[in-house]
Amino acid sequence: MSRIDRRFAALKATHRTGLIPFVTAGDPSPQHMVALMHALVDAGADLIELGVPFSDPMADGPVIQHASERAIAKGVGLNEVLGWVAAFRQRDTDTPIVLMGYLNPVEIHGYARFALEAVQAGVDGVLLVDCPLEEAAVLKPLRDAGLQQILLAAPTTAPARMAQLCGSAEGFLYYVSFAGITGAAHLSTGDIAVRVADIRARASAPVAVGFGIRDATSAKAIAGFADAVVIGSALVERLAGAMDAEEITARTRTFLAPIRAALDAH
Amino acid sequence: MSKIVDFNAYPDAQGRFGNYGGSYVAETLMAPLAELTEAYLRLRDDPGFIAELDRDLKHYVGRPSPIYHAERLSRHVGGARILFKREDLNHTGAHKINNTVGQALVAKRMGKPRIIAETGAGQHGVASATVAARLGLKCVVYMGAVDIERQKINVYRMKLLGAEVVPVTSGSKTLKDALNEAMRDWVTNVADTFYIIGTVAGPHPYPLMVRDFNAIVGREARAQMLEEYGRLPDVLTACVGGGSNAIGLFHAFLNDADVRIVGAEAAGLGLATGHHAASLAAGRPGVLHGNRTYVLCDDNGQITETHSISAGLDYPGVGPEHAFLKDVGRAEYVGITDDEAMEAFHLLARQEGILAALESSHAVAQAIKLAREMPKDGIVLCNLSGRGDKDVHTIAAREGVQV
């Protein structure tokens, strides 16, 4: 059983909704990245999504685009990201880590080399936004090494394709709550609930819902029907500009604590 | 070439040209791409659609465009005959209209009331705004803030045609960022919006569809060569940014193994300087904007900023079919510097009375290089893909002239 599977099994056993914060690796501060990861866990994260900065993030809104640009300007690449994961693992061997990003950095790093180094560092899964199931053959070395490929499902996903995604999902299935980019805000929880219920009935993997969740209220609305919620842009926005470990930790706690409480009160 | 390849067999059903192409997009776009692929493959063989497109190309675009023998230029160079396929004579002044007329008809048949486009030099934006105006569709054009500055005339042309031009300030603020932003718009507005991509890149079916709509250039040219010269040219050349005018000229000749094919990329300040946009000549295979192709990127996989005097070639990727043609050895891709393109621009203006677009001037420079090394009875056919009126201010500024 993978670290991701164990974590979702534990959540299920305790009837809790998972909290998955997303942060862009290297933002707001490369020096304090490992401290930020620990702060996320201390504030209630069940799994960490670590964004690998990419110069052309087509599916991301302005907040994550700018975070990527800031990180790239500071020289952050896959080597640094994997280094932070390895450093994080010295103290935390339980919290699953999923690297989220785009295919080109992995392709240029080399699939086999990336798979080996990512597993050694302690990465559990990858969510490559621009690598749909149809193109996933290139990720074979990653799967062979034990990295789980987190798949996305969207409101536009057709029924036949949804069945295919449900059948192939491992770790968890990431349901994109609306057709748009990260950080936009037009959640319609009624529609999402119907779609997620349908997916949960068909997929053996748990379902996390992301895009557009930015506070305790929206998280709680989703918690009624999802296994986990993903919060990205709102957190990245809150962290922007924090330059020392105390500030980063404080902002993380202040932001995530009410969301954690809302999920647990559900 | 070691083996016979039928180039009409590409792309396959997944949109792959060998190892290149495909659909590397976020899940949200898979459904609209499938819908577009289904619609386009149906229309591609629909006699009613083909007849409507042919009518528009003839009466609105002004096709066929002639092949012109540049006699004075050829004599001046002192080698083979240089012929130009005059895409600069099309309505709106470039080959780009061939594609936008076609895609706008697809949009109309799919019932999409709003079109979006990305543009670099502004030619594709103008061509999109043009067809949108004609069909009464709302049009939004994404354009890098840097390109808006250096292509002011085209920005104003788009506005005159009723389009909204949205400046893109992310990343390098050029064509690649405009494409990212157009994709984001499409993801957000998939229900009512048709995205007219301007080059043979992007996810499947765009490289196929844009090629098909531009392939009229090569089909006409091939027939004109046989009719007017009784033979095919010895060599073809065209400039390559994303590669739409080049694939347009090349495609009908790909199975003519004796016709040599040379693409001219933007070498900017020189390939060795790193300030260029020559993805094929100096890049490596990667994934950008929905397809696997040659890209310019660093060792972290970050797409690098490009440089070219011509905004239309200033792109760090290239259409996947060109990547395939390079790898199988069917086409060669070489770099032409800013200086070489400028020299060719002036030579063509003085020898033939034609102001070529800066993009096309790269092809003219390559045609001159090729012709110089060939016997007098040889023929170089060069795609003169656009006219240079839009570049007059850029050229004046470069040469220190106040206009």
# chains A, B, ... in the order shown; residues from 1 in each chain; ligands from 1
call {"tool": "residues_around", "arguments": {"residues": "region 358-366 of chain B", "least_positions_apart": "6", "cutoff": "6 Å", "atoms": "only C-alpha atoms", "output": "list in words"}}
result
Ala238, Cys239, Ala264, Ser310, Ile336, Ala341, Ala344, Phe345, Leu384 and Ser385 of chain B
call {"tool": "write_last_selection", "arguments": {"atoms": "C-alpha atoms", "output": "mmCIF file, in the first residue's frame"}}
result
data_model
loop_
_atom_site.group_PDB
_atom_site.id
_atom_site.type_symbol
_atom_site.label_atom_id
_atom_site.label_comp_id
_atom_site.auth_asym_id
_atom_site.auth_seq_id
_atom_site.Cartn_x
_atom_site.Cartn_y
_atom_site.Cartn_z
ATOM 1 C CA ALA B 238 10.083 29.192 -46.725
ATOM 2 C CA CYS B 239 10.528 30.831 -43.353
ATOM 3 C CA ALA B 264 14.683 29.107 -42.829
ATOM 4 C CA SER B 310 10.517 39.547 -36.892
ATOM 5 C CA ILE B 336 19.004 33.186 -41.174
ATOM 6 C CA ALA B 341 17.049 39.031 -43.495
ATOM 7 C CA ALA B 344 17.490 40.402 -48.411
ATOM 8 C CA PHE B 345 14.616 42.776 -47.638
ATOM 9 C CA LEU B 384 6.818 35.080 -50.163
ATOM 10 C CA SER B 385 4.428 34.612 -47.288
#
call {"tool": "residues_around", "arguments": {"residues": "His393 (chain B)", "least_positions_apart": "6", "cutoff": "12 Å", "atoms": "only C-alpha atoms", "output": "PyMOL selection string"}}
result
chain B and resi 149-154+357-358+399-403
call {"tool": "interface_residues", "arguments": {"of": "chain A", "to": "chain B", "cutoff": "8 Å", "atoms": "only C-alpha atoms", "output": "PyMOL selection string"}}
result
chain A and resi 54-61+65-66+69+77-78+103-109+129-132+134-135+152-158+179-181
call {"tool": "residues_around", "arguments": {"residues": "region 214-227 of chain B", "least_positions_apart": "2", "cutoff": "10 Å", "atoms": "only C-alpha atoms", "output": "PyMOL selection string"}}
result
chain B and resi 54+57+63-67+83-87+95-100+102+199-200+209-212+229-233+236+244-254+381+383+385
call {"tool": "write_last_selection", "arguments": {"atoms": "C-alpha atoms", "output": "tab-separated table (two decimals), in the first residue's frame"}}
result
chain	number	residue	atom	x	y	z
B	54	ASP	CA	-13.15	27.36	-52.39
B	57	LEU	CA	-10.60	31.60	-51.23
B	63	ARG	CA	-6.67	33.05	-54.90
B	64	PRO	CA	-4.89	31.65	-56.77
B	65	SER	CA	-1.82	33.69	-55.96
B	66	PRO	CA	0.67	33.84	-58.84
B	67	ILE	CA	4.16	32.45	-59.13
B	83	LEU	CA	10.53	32.20	-58.19
B	84	PHE	CA	8.17	33.59	-55.55
B	85	LYS	CA	4.82	32.20	-54.57
B	86	ARG	CA	3.06	35.52	-53.97
B	87	GLU	CA	1.10	34.94	-50.76
B	95	HIS	CA	-0.84	33.48	-46.08
B	96	LYS	CA	-2.54	33.63	-42.66
B	97	ILE	CA	-5.95	34.34	-44.23
B	98	ASN	CA	-6.02	30.87	-45.87
B	99	ASN	CA	-6.27	29.32	-42.43
B	100	THR	CA	-8.57	31.82	-40.75
B	102	GLY	CA	-11.14	27.89	-43.17
B	199	THR	CA	0.08	28.12	-36.82
B	200	VAL	CA	0.64	24.38	-37.28
B	209	MET	CA	-6.25	21.46	-39.71
B	210	VAL	CA	-3.97	24.48	-40.09
B	211	ARG	CA	-1.77	22.51	-42.48
B	212	ASP	CA	-4.78	21.47	-44.56
B	229	TYR	CA	7.56	25.66	-66.39
B	230	GLY	CA	6.80	22.07	-67.33
B	231	ARG	CA	8.59	20.78	-64.28
B	232	LEU	CA	8.86	20.92	-60.51
B	233	PRO	CA	11.32	23.26	-58.78
B	236	LEU	CA	11.64	24.91	-52.03
B	244	SER	CA	2.36	27.37	-41.19
B	245	ASN	CA	3.42	29.04	-44.43
B	246	ALA	CA	6.29	26.57	-44.77
B	247	ILE	CA	4.17	23.47	-44.32
B	248	GLY	CA	1.62	25.11	-46.64
B	249	LEU	CA	4.19	25.28	-49.44
B	250	PHE	CA	6.01	22.02	-48.61
B	251	HIS	CA	3.16	19.62	-48.09
B	252	ALA	CA	2.11	19.02	-51.70
B	253	PHE	CA	5.76	18.31	-52.57
B	254	LEU	CA	6.67	15.98	-49.68
B	381	LEU	CA	10.70	28.34	-55.36
B	383	ASN	CA	7.20	31.32	-50.39
B	385	SER	CA	4.43	34.61	-47.29
call {"tool": "closest_residue", "arguments": {"among": "A:Ile213, A:Ala261, A:Leu235, A:Ala112", "to": "Ile248 (chain A)", "atoms": "only C-alpha atoms"}}
result
A:Leu235
call {"tool": "select_by_dssp", "arguments": {"residues": "region 143-335 of chain B", "states": "helix (DSSP H, G or I)", "output": "PyMOL selection string"}}
result
chain B and resi 145-150+152-160+175-188+206-214+216-229+244-253+271-273+279-282+311-313+320-327
call {"tool": "atom_distance", "arguments": {"atom1": "CA of Arg70 (chain A)", "atom2": "CA of Val52 (chain A)"}}
result
12.1 Å
call {"tool": "residues_around", "arguments": {"residues": "Gly212 (chain A)", "least_positions_apart": "5", "cutoff": "9 Å", "atoms": "only C-alpha atoms", "output": "mmCIF file with C-alpha atoms, in the first residue's frame"}}
result
data_model
loop_
_atom_site.group_PDB
_atom_site.id
_atom_site.type_symbol
_atom_site.label_atom_id
_atom_site.label_comp_id
_atom_site.auth_asym_id
_atom_site.auth_seq_id
_atom_site.Cartn_x
_atom_site.Cartn_y
_atom_site.Cartn_z
ATOM 1 C CA VAL A 176 -11.526 20.048 -11.341
ATOM 2 C CA SER A 177 -14.595 21.840 -9.990
ATOM 3 C CA PHE A 178 -15.221 24.066 -13.006
ATOM 4 C CA ILE A 181 -7.987 28.049 -14.694
ATOM 5 C CA THR A 182 -6.690 27.769 -11.143
ATOM 6 C CA GLY A 183 -7.670 30.558 -8.787
ATOM 7 C CA ALA A 184 -10.862 31.603 -10.558
ATOM 8 C CA ALA A 185 -13.989 31.712 -8.437
ATOM 9 C CA HIS A 186 -17.325 30.472 -9.613
ATOM 10 C CA LEU A 187 -18.103 27.421 -7.538
ATOM 11 C CA SER A 218 -16.071 26.925 0.380
ATOM 12 C CA ILE A 231 -6.498 24.657 -1.830
ATOM 13 C CA GLY A 232 -3.895 26.317 -4.027
ATOM 14 C CA SER A 233 -4.129 29.864 -5.346
ATOM 15 C CA ALA A 234 -5.626 31.385 -2.179
#
call {"tool": "closest_residue", "arguments": {"among": "A:Leu147, A:Ala250, A:Leu256, A:Ala9", "to": "Asp227 (chain A)", "atoms": "only C-alpha atoms"}}
result
A:Ala9
call {"tool": "atom_distance", "arguments": {"atom1": "CA of Pro320 (chain B)", "atom2": "CA of Tyr333 (chain B)"}}
result
13.5 Å
call {"tool": "atom_distance", "arguments": {"atom1": "CA of Thr217 (chain A)", "atom2": "CA of Ala262 (chain A)"}}
result
7.5 Å
call {"tool": "residues_around", "arguments": {"residues": "Arg143 (chain A)", "least_positions_apart": "6", "cutoff": "12 Å", "atoms": "only C-alpha atoms", "output": "number ranges by chain"}}
result
A: 111-112, 114-116, 118-119, 124-126, 136-137, 149-150, 170-171
call {"tool": "residues_around", "arguments": {"residues": "Phe8 (chain A)", "least_positions_apart": "3", "cutoff": "12 Å", "atoms": "only C-alpha atoms", "output": "number ranges by chain"}}
result
A: 1-5, 11-20, 46-47, 94-96, 170-173, 204-208, 226-228
call {"tool": "select_by_dssp", "arguments": {"residues": "region 67-267 of chain B", "states": "strand (DSSP E or B)", "output": "PyMOL selection string"}}
result
chain B and resi 67-69+81-86+94+114-119+138-144+164-168+193-196+235-240+260-267
call {"tool": "residues_around", "arguments": {"residues": "Val34 (chain A)", "least_positions_apart": "2", "cutoff": "12 Å", "atoms": "only C-alpha atoms", "output": "PyMOL selection string"}}
result
chain A and resi 23+25-32+36-41+48+50+80-92+245+248-249
call {"tool": "closest_residue", "arguments": {"among": "B:His322, B:His124, B:Arg260, B:His276", "to": "Gly386 (chain B)", "atoms": "only C-alpha atoms"}}
result
B:His124
call {"tool": "decode", "arguments": {"residues": "region 302-403 of chain B", "atoms": "C-alpha atoms", "output": "tab-separated table (two decimals), in the first residue's frame"}}
result
chain	number	residue	atom	x	y	z
B	302	GLN	CA	11.92	26.16	-18.77
B	303	ILE	CA	11.09	27.59	-22.17
B	304	THR	CA	13.65	30.23	-23.02
B	305	GLU	CA	13.03	33.69	-24.38
B	306	THR	CA	13.68	33.99	-28.07
B	307	HIS	CA	14.93	36.79	-30.24
B	308	SER	CA	14.16	37.69	-33.80
B	309	ILE	CA	13.78	40.97	-35.61
B	310	SER	CA	10.52	39.55	-36.89
B	311	ALA	CA	7.74	39.09	-34.33
B	312	GLY	CA	6.13	36.35	-36.42
B	313	LEU	CA	9.16	34.06	-36.09
B	314	ASP	CA	9.76	34.85	-32.43
B	315	TYR	CA	8.48	31.53	-31.08
B	316	PRO	CA	10.34	28.89	-29.00
B	317	GLY	CA	8.51	25.91	-30.49
B	318	VAL	CA	7.62	24.77	-34.00
B	319	GLY	CA	4.89	22.70	-35.61
B	320	PRO	CA	5.32	18.97	-34.89
B	321	GLU	CA	5.22	18.03	-38.58
B	322	HIS	CA	8.40	20.04	-39.13
B	323	ALA	CA	10.03	18.18	-36.22
B	324	PHE	CA	9.09	14.95	-37.94
B	325	LEU	CA	10.35	16.12	-41.36
B	326	LYS	CA	13.66	17.09	-39.78
B	327	ASP	CA	14.12	13.76	-38.00
B	328	VAL	CA	13.32	11.63	-41.07
B	329	GLY	CA	15.58	13.84	-43.18
B	330	ARG	CA	12.91	15.00	-45.63
B	331	ALA	CA	13.51	18.67	-44.90
B	332	GLU	CA	16.53	20.68	-43.74
B	333	TYR	CA	16.23	23.62	-41.37
B	334	VAL	CA	18.81	26.38	-41.27
B	335	GLY	CA	19.15	29.73	-39.56
B	336	ILE	CA	19.00	33.19	-41.17
B	337	THR	CA	20.18	36.09	-39.01
B	338	ASP	CA	18.45	39.45	-38.53
B	339	ASP	CA	21.17	41.08	-40.65
B	340	GLU	CA	20.83	38.57	-43.48
B	341	ALA	CA	17.05	39.03	-43.49
B	342	MET	CA	17.42	42.83	-43.59
B	343	GLU	CA	19.89	42.61	-46.47
B	344	ALA	CA	17.49	40.40	-48.41
B	345	PHE	CA	14.62	42.78	-47.64
B	346	HIS	CA	16.48	45.70	-49.19
B	347	LEU	CA	17.73	43.71	-52.15
B	348	LEU	CA	14.22	42.51	-53.01
B	349	ALA	CA	12.82	46.03	-52.63
B	350	ARG	CA	15.44	47.52	-54.97
B	351	GLN	CA	15.60	44.70	-57.51
B	352	GLU	CA	11.92	43.77	-57.77
B	353	GLY	CA	9.86	46.54	-56.21
B	354	ILE	CA	8.50	44.24	-53.51
B	355	LEU	CA	8.51	45.04	-49.79
B	356	ALA	CA	8.53	41.64	-48.13
B	357	ALA	CA	7.49	41.01	-44.54
B	358	LEU	CA	10.47	40.61	-42.21
B	359	GLU	CA	9.38	36.99	-41.66
B	360	SER	CA	9.37	36.32	-45.41
B	361	SER	CA	12.67	38.17	-45.81
B	362	HIS	CA	14.29	35.22	-44.01
B	363	ALA	CA	13.02	32.95	-46.78
B	364	VAL	CA	14.20	35.40	-49.43
B	365	ALA	CA	17.68	35.40	-47.88
B	366	GLN	CA	17.72	31.60	-47.91
B	367	ALA	CA	16.50	31.52	-51.54
B	368	ILE	CA	19.37	33.81	-52.51
B	369	LYS	CA	21.90	31.57	-50.72
B	370	LEU	CA	20.53	28.48	-52.44
B	371	ALA	CA	20.31	30.06	-55.91
B	372	ARG	CA	23.88	31.34	-55.73
B	373	GLU	CA	25.22	27.78	-55.49
B	374	MET	CA	23.02	26.38	-58.26
B	375	PRO	CA	23.32	26.33	-62.08
B	376	LYS	CA	21.40	28.91	-64.13
B	377	ASP	CA	18.81	26.41	-65.31
B	378	GLY	CA	17.95	25.47	-61.72
B	379	ILE	CA	14.79	26.73	-59.99
B	380	VAL	CA	14.33	27.85	-56.39
B	381	LEU	CA	10.70	28.34	-55.36
B	382	CYS	CA	10.37	30.58	-52.33
B	383	ASN	CA	7.20	31.32	-50.39
B	384	LEU	CA	6.82	35.08	-50.16
B	385	SER	CA	4.43	34.61	-47.29
B	386	GLY	CA	3.58	38.23	-46.48
B	387	ARG	CA	4.05	41.85	-47.41
B	388	GLY	CA	6.20	44.22	-45.41
B	389	ASP	CA	3.98	47.28	-44.91
B	390	LYS	CA	3.46	46.33	-41.25
B	391	ASP	CA	7.25	46.34	-40.70
B	392	VAL	CA	8.07	49.76	-42.09
B	393	HIS	CA	8.24	51.35	-38.61
B	394	THR	CA	10.44	48.56	-37.22
B	395	ILE	CA	12.84	48.88	-40.15
B	396	ALA	CA	12.94	52.66	-39.93
B	397	ALA	CA	13.68	52.50	-36.19
B	398	ARG	CA	16.44	49.92	-36.74
B	399	GLU	CA	18.04	52.12	-39.36
B	400	GLY	CA	17.70	55.28	-37.27
B	401	VAL	CA	15.13	56.92	-39.51
B	402	GLN	CA	12.32	59.04	-38.08
B	403	VAL	CA	9.10	58.29	-40.02
